[in-house]
Amino acid sequence: MPNVTKSGASTDEGCGKPRDSARDIACQSIPRVTMRQLSYFVATARCESIARAAEELHVSSPSISVALTELESIVGVPLFVRRHARGVVLTEVGSELVATARQILLMAYEFRSHSDAKGYEYESVIDFGCLVSLAPLVPAIVSEFNKECPKVRVRWHEADHASLISGLEAGTINCCLLYDFNIPASISSVVVREMPLQMVLPQNHPMAEESMVALRDMADEPFILLDLPNTHDYMLSSFSELNLEPNVAHKTQSYEMLRSLVANGFGYTLLNYCPPYTGLNGGGLVCRPVTEKLRPCNMVFAKRHKYQTPYVIEMFRRHIGEFVARQPISA
């Protein structure tokens with residue numbers, strides 16, 4: 001039971017001083033978890049292999065194995081299921097803890113930094129996810145960001161919408177760039193730019209001369225579908241909103257295959273973002289606004305809602321916003 005001083009403030013018997021939140025923390029036993037253990041844990045979760053994590057971190061596999069065993073002893077439960085010759089997978093508890101571990105590591109970088117408007121002066125790592133159809137933006141974004149923050153390493157991961165959301169919730173990525181549909185309450189998002197749906201046509205298509213194109217006028221022509229989770233449903237819903245059914249001639253999960261098919265005259269498609277493109281045979285693309293009023297769509301920067309945003313992540317978000325604002329969104 002805590003003692004009570006004459007002033008009415010409670011004291012801790014172990015410390016003998018009035019308690020406040022800082023003293024409460026100081027009086028508790030210090031956790032035995034080390035940053036090295038957390039770093040090895042996060043790397044192994046990302047690589048799904050102790051050997052690959054060791055190679056990435058330039059340490060030995062036994063060093064990582066020992067650190068993981070120590071960490072599991074501290075938390076009292078297994079963090080991974082070891083599969084002989086097939087790597088490792090996170091347990092249910094491991095999946096919950098890896099996001100927290102990643103956040104602790106980022107905040108540790110934050111603790112030692114004294115950043116200002118001149119840039120982020122200390123080493124840090126950002127695991128950044130990006131929707132496949134937005135991936136062409138990423139190399140230029142990262143290249144320009146590294147000129148401002150040369151010691152920050154950005155590791156990017158291309159994926160479909162559902163995989164990016166899972167990655168945020170599981171803690172395998174810190175943040176991502178995607179569109180604002182089907183985002184759960186556990187994810188916080190900030191609008192980067194409005195991205196209206198556009199008609200993408202071969203440059204020699206008769207409708208390419210028009211300033212806008214009606215989806216109703218194209219419904220019978222061959223449609224090429226970007227067949228990725230969520231993207232598939234979103235694209236088809238644009239037709240169903242207008243009581244139309246597309247003539248789906250081709251499906252592909254490759255963004256570059258999609259653009260190549262259109263440029264070579266196999267049909268048209270719909271995209272929110274389509275940078276300039278020139279095909280191997282000289283064919284190109286044109287993008288035209290859709291005349292019908294469809295559900296608005298925004299490019300958003302997303303992160304897990306429950307965690308405080310480290311300064312370096314906020315810097316990266318602002319950089320993305322400034323970069324994207326300068327870019328054309330269509331060919």
# chains A, B, ... in the order shown; residues from 1 in each chain; ligands from 1
call {"tool": "select_by_dssp", "arguments": {"residues": "region 23-160 of chain A", "states": "alpha helix (DSSP H)", "output": "VMD selection string"}}
result
chain A and resid 23 to 27 35 to 47 50 to 57 61 to 75 92 to 112 138 to 148
call {"tool": "write_last_selection", "arguments": {"atoms": "C-alpha atoms", "output": "compact mmCIF listing (two decimals), in the first residue's frame"}}
result
# COMPACT_ATOMS: atom_id res chain seq x y z
CA ARG A 23 8.84 8.42 -10.74
CA ASP A 24 6.41 5.54 -11.19
CA ILE A 25 8.36 4.49 -14.26
CA ALA A 26 11.72 5.04 -12.57
CA CYS A 27 10.70 2.96 -9.56
CA MET A 35 17.31 -2.65 -28.86
CA ARG A 36 19.47 -5.31 -30.50
CA GLN A 37 16.94 -8.00 -29.62
CA LEU A 38 14.11 -5.89 -31.03
CA SER A 39 16.10 -5.15 -34.18
CA TYR A 40 16.77 -8.86 -34.75
CA PHE A 41 13.10 -9.66 -34.03
CA VAL A 42 11.80 -7.12 -36.57
CA ALA A 43 14.30 -8.17 -39.24
CA THR A 44 13.47 -11.86 -38.82
CA ALA A 45 9.74 -11.12 -39.02
CA ARG A 46 10.24 -9.13 -42.22
CA CYS A 47 12.54 -11.70 -43.87
CA ILE A 50 16.83 -16.16 -39.58
CA ALA A 51 19.48 -16.73 -42.26
CA ARG A 52 18.16 -13.92 -44.48
CA ALA A 53 17.84 -11.58 -41.50
CA ALA A 54 21.44 -12.37 -40.53
CA GLU A 55 22.60 -11.61 -44.05
CA GLU A 56 20.70 -8.31 -44.09
CA LEU A 57 22.06 -7.22 -40.71
CA SER A 61 22.62 -16.65 -37.68
CA PRO A 62 23.46 -18.01 -34.20
CA SER A 63 23.58 -14.42 -32.87
CA ILE A 64 20.02 -13.84 -34.06
CA SER A 65 18.83 -17.21 -32.76
CA VAL A 66 20.24 -16.48 -29.30
CA ALA A 67 18.68 -13.00 -29.24
CA LEU A 68 15.27 -14.36 -30.25
CA THR A 69 15.44 -17.10 -27.62
CA GLU A 70 16.28 -14.48 -24.98
CA LEU A 71 13.41 -12.26 -26.14
CA GLU A 72 10.95 -15.16 -26.04
CA SER A 73 12.14 -15.97 -22.52
CA ILE A 74 11.47 -12.38 -21.47
CA VAL A 75 7.94 -12.17 -22.91
CA GLU A 92 -0.28 -14.76 -33.04
CA VAL A 93 1.49 -13.02 -30.15
CA GLY A 94 4.53 -12.35 -32.33
CA SER A 95 2.32 -10.65 -34.91
CA GLU A 96 0.92 -8.36 -32.23
CA LEU A 97 4.33 -7.51 -30.78
CA VAL A 98 6.29 -6.88 -33.98
CA ALA A 99 4.41 -3.63 -34.66
CA THR A 100 5.25 -2.40 -31.16
CA ALA A 101 8.88 -3.46 -31.58
CA ARG A 102 9.15 -1.53 -34.84
CA GLN A 103 7.67 1.55 -33.19
CA ILE A 104 10.09 1.32 -30.25
CA LEU A 105 13.02 1.19 -32.66
CA LEU A 106 11.79 4.24 -34.55
CA MET A 107 11.30 6.16 -31.32
CA ALA A 108 14.80 5.16 -30.22
CA TYR A 109 16.16 6.80 -33.38
CA GLU A 110 13.94 9.75 -32.54
CA PHE A 111 15.31 9.99 -29.01
CA ARG A 112 18.87 10.54 -30.15
CA VAL A 138 8.51 5.78 -55.52
CA PRO A 139 12.10 5.85 -56.89
CA ALA A 140 11.87 9.58 -57.59
CA ILE A 141 10.25 10.25 -54.19
CA VAL A 142 12.96 8.36 -52.33
CA SER A 143 15.82 9.76 -54.41
CA GLU A 144 14.74 13.33 -53.73
CA PHE A 145 14.06 12.61 -50.03
CA ASN A 146 17.55 11.15 -49.59
CA LYS A 147 19.09 14.39 -50.82
CA GLU A 148 17.45 16.09 -47.85
call {"tool": "closest_residue", "arguments": {"among": "A:Leu79, A:Arg193, A:Pro202, A:Ile126", "to": "Met315 (chain A)", "atoms": "only C-alpha atoms"}}
result
A:Ile126
call {"tool": "atom_distance", "arguments": {"atom1": "CA of Met199 (chain A)", "atom2": "CA of Cys274 (chain A)"}}
result
9.8 Å
call {"tool": "atom_distance", "arguments": {"atom1": "CA of Ala135 (chain A)", "atom2": "CA of Ile329 (chain A)"}}
result
12.9 Å
call {"tool": "residues_around", "arguments": {"residues": "region 204-218 of chain A", "least_positions_apart": "4", "cutoff": "10 Å", "atoms": "only C-alpha atoms", "output": "PyMOL selection string"}}
result
chain A and resi 198-200+222-223+238-239+242-247+263-265+267-270+283-292
call {"tool": "write_last_selection", "arguments": {"atoms": "N, CA and C atoms", "output": "compact mmCIF listing (two decimals), in the first residue's frame"}}
result
# COMPACT_ATOMS: atom_id res chain seq x y z
N GLN A 198 -9.59 7.93 -64.51
CA GLN A 198 -9.38 8.40 -65.88
C GLN A 198 -9.46 7.25 -66.87
N MET A 199 -9.89 7.59 -68.08
CA MET A 199 -9.92 6.63 -69.16
C MET A 199 -8.53 6.60 -69.80
N VAL A 200 -7.96 5.41 -69.94
CA VAL A 200 -6.64 5.26 -70.56
C VAL A 200 -6.83 4.55 -71.90
N PRO A 222 -13.35 -3.58 -75.85
CA PRO A 222 -12.54 -4.45 -74.97
C PRO A 222 -11.95 -3.67 -73.80
N PHE A 223 -12.21 -4.20 -72.59
CA PHE A 223 -11.72 -3.56 -71.37
C PHE A 223 -10.63 -4.43 -70.76
N SER A 238 -17.20 1.02 -60.76
CA SER A 238 -17.37 2.24 -61.54
C SER A 238 -18.39 2.03 -62.66
N PHE A 239 -18.40 0.82 -63.21
CA PHE A 239 -19.40 0.49 -64.23
C PHE A 239 -20.76 0.24 -63.59
N LEU A 242 -23.15 2.99 -62.86
CA LEU A 242 -23.86 3.54 -64.02
C LEU A 242 -24.74 2.48 -64.69
N ASN A 243 -24.94 1.34 -63.99
CA ASN A 243 -25.72 0.22 -64.53
C ASN A 243 -25.14 -0.28 -65.86
N LEU A 244 -23.82 -0.31 -65.93
CA LEU A 244 -23.12 -0.81 -67.10
C LEU A 244 -22.37 -2.08 -66.76
N GLU A 245 -22.08 -2.87 -67.78
CA GLU A 245 -21.24 -4.06 -67.59
C GLU A 245 -20.11 -4.00 -68.60
N PRO A 246 -18.85 -3.99 -68.13
CA PRO A 246 -17.73 -3.87 -69.07
C PRO A 246 -17.53 -5.14 -69.88
N ASN A 247 -16.95 -4.99 -71.05
CA ASN A 247 -16.58 -6.11 -71.90
C ASN A 247 -15.13 -6.47 -71.56
N ALA A 263 -1.42 0.25 -74.82
CA ALA A 263 -0.60 0.94 -75.80
C ALA A 263 -0.53 0.18 -77.12
N ASN A 264 -0.66 -1.14 -77.05
CA ASN A 264 -0.59 -1.97 -78.26
C ASN A 264 -1.98 -2.28 -78.85
N GLY A 265 -2.99 -1.57 -78.37
CA GLY A 265 -4.30 -1.63 -79.00
C GLY A 265 -5.20 -2.77 -78.60
N GLY A 267 -7.17 -2.84 -76.06
CA GLY A 267 -8.35 -2.36 -75.36
C GLY A 267 -8.04 -1.08 -74.60
N TYR A 268 -8.97 -0.71 -73.73
CA TYR A 268 -8.80 0.47 -72.89
C TYR A 268 -8.85 0.04 -71.43
N THR A 269 -8.50 0.94 -70.52
CA THR A 269 -8.60 0.63 -69.10
C THR A 269 -8.94 1.89 -68.33
N LEU A 270 -9.09 1.74 -67.03
CA LEU A 270 -9.33 2.85 -66.12
C LEU A 270 -8.21 2.86 -65.09
N GLY A 283 4.21 2.75 -79.64
CA GLY A 283 2.85 3.08 -79.23
C GLY A 283 2.83 3.78 -77.88
N GLY A 284 1.85 4.63 -77.67
CA GLY A 284 1.76 5.36 -76.42
C GLY A 284 0.35 5.35 -75.86
N LEU A 285 0.16 6.07 -74.78
CA LEU A 285 -1.12 6.15 -74.10
C LEU A 285 -1.58 7.60 -74.01
N VAL A 286 -2.88 7.76 -73.92
CA VAL A 286 -3.45 9.06 -73.56
C VAL A 286 -4.48 8.83 -72.47
N CYS A 287 -4.62 9.78 -71.59
CA CYS A 287 -5.60 9.70 -70.52
C CYS A 287 -6.62 10.82 -70.69
N ARG A 288 -7.87 10.49 -70.48
CA ARG A 288 -8.93 11.48 -70.60
C ARG A 288 -9.87 11.38 -69.40
N PRO A 289 -10.32 12.52 -68.89
CA PRO A 289 -11.29 12.48 -67.78
C PRO A 289 -12.57 11.77 -68.21
N VAL A 290 -13.22 11.12 -67.26
CA VAL A 290 -14.50 10.45 -67.51
C VAL A 290 -15.61 11.47 -67.28
N THR A 291 -16.54 11.54 -68.21
CA THR A 291 -17.59 12.57 -68.12
C THR A 291 -18.57 12.30 -66.99
N GLU A 292 -18.84 11.02 -66.71
CA GLU A 292 -19.79 10.69 -65.65
C GLU A 292 -19.22 11.02 -64.27
call {"tool": "atom_distance", "arguments": {"atom1": "CA of Val33 (chain A)", "atom2": "CA of Val77 (chain A)"}}
result
14.2 Å
call {"tool": "residues_around", "arguments": {"residues": "region 296-305 of chain A", "least_positions_apart": "6", "cutoff": "7 Å", "atoms": "only C-alpha atoms", "output": "number ranges by chain"}}
result
A: 168-169, 174-180, 186-196, 317
call {"tool": "closest_residue", "arguments": {"among": "A:Leu236, A:Cys130, A:Val59, A:Leu137", "to": "Ile165 (chain A)", "atoms": "only C-alpha atoms"}}
result
A:Cys130
call {"tool": "closest_residue", "arguments": {"among": "A:His84, A:His319, A:Arg32, A:Arg295", "to": "Phe181 (chain A)", "atoms": "only C-alpha atoms"}}
result
A:Arg295
call {"tool": "residues_around", "arguments": {"residues": "Met235 (chain A)", "least_positions_apart": "4", "cutoff": "9 Å", "atoms": "only C-alpha atoms", "output": "PyMOL selection string"}}
result
chain A and resi 225-226+230-231+239+270-271
call {"tool": "select_by_dssp", "arguments": {"residues": "region 40-83 of chain A", "states": "strand (DSSP E)", "output": "list in words"}}
result
Phe80, Val81, Arg82 and Arg83 of chain A
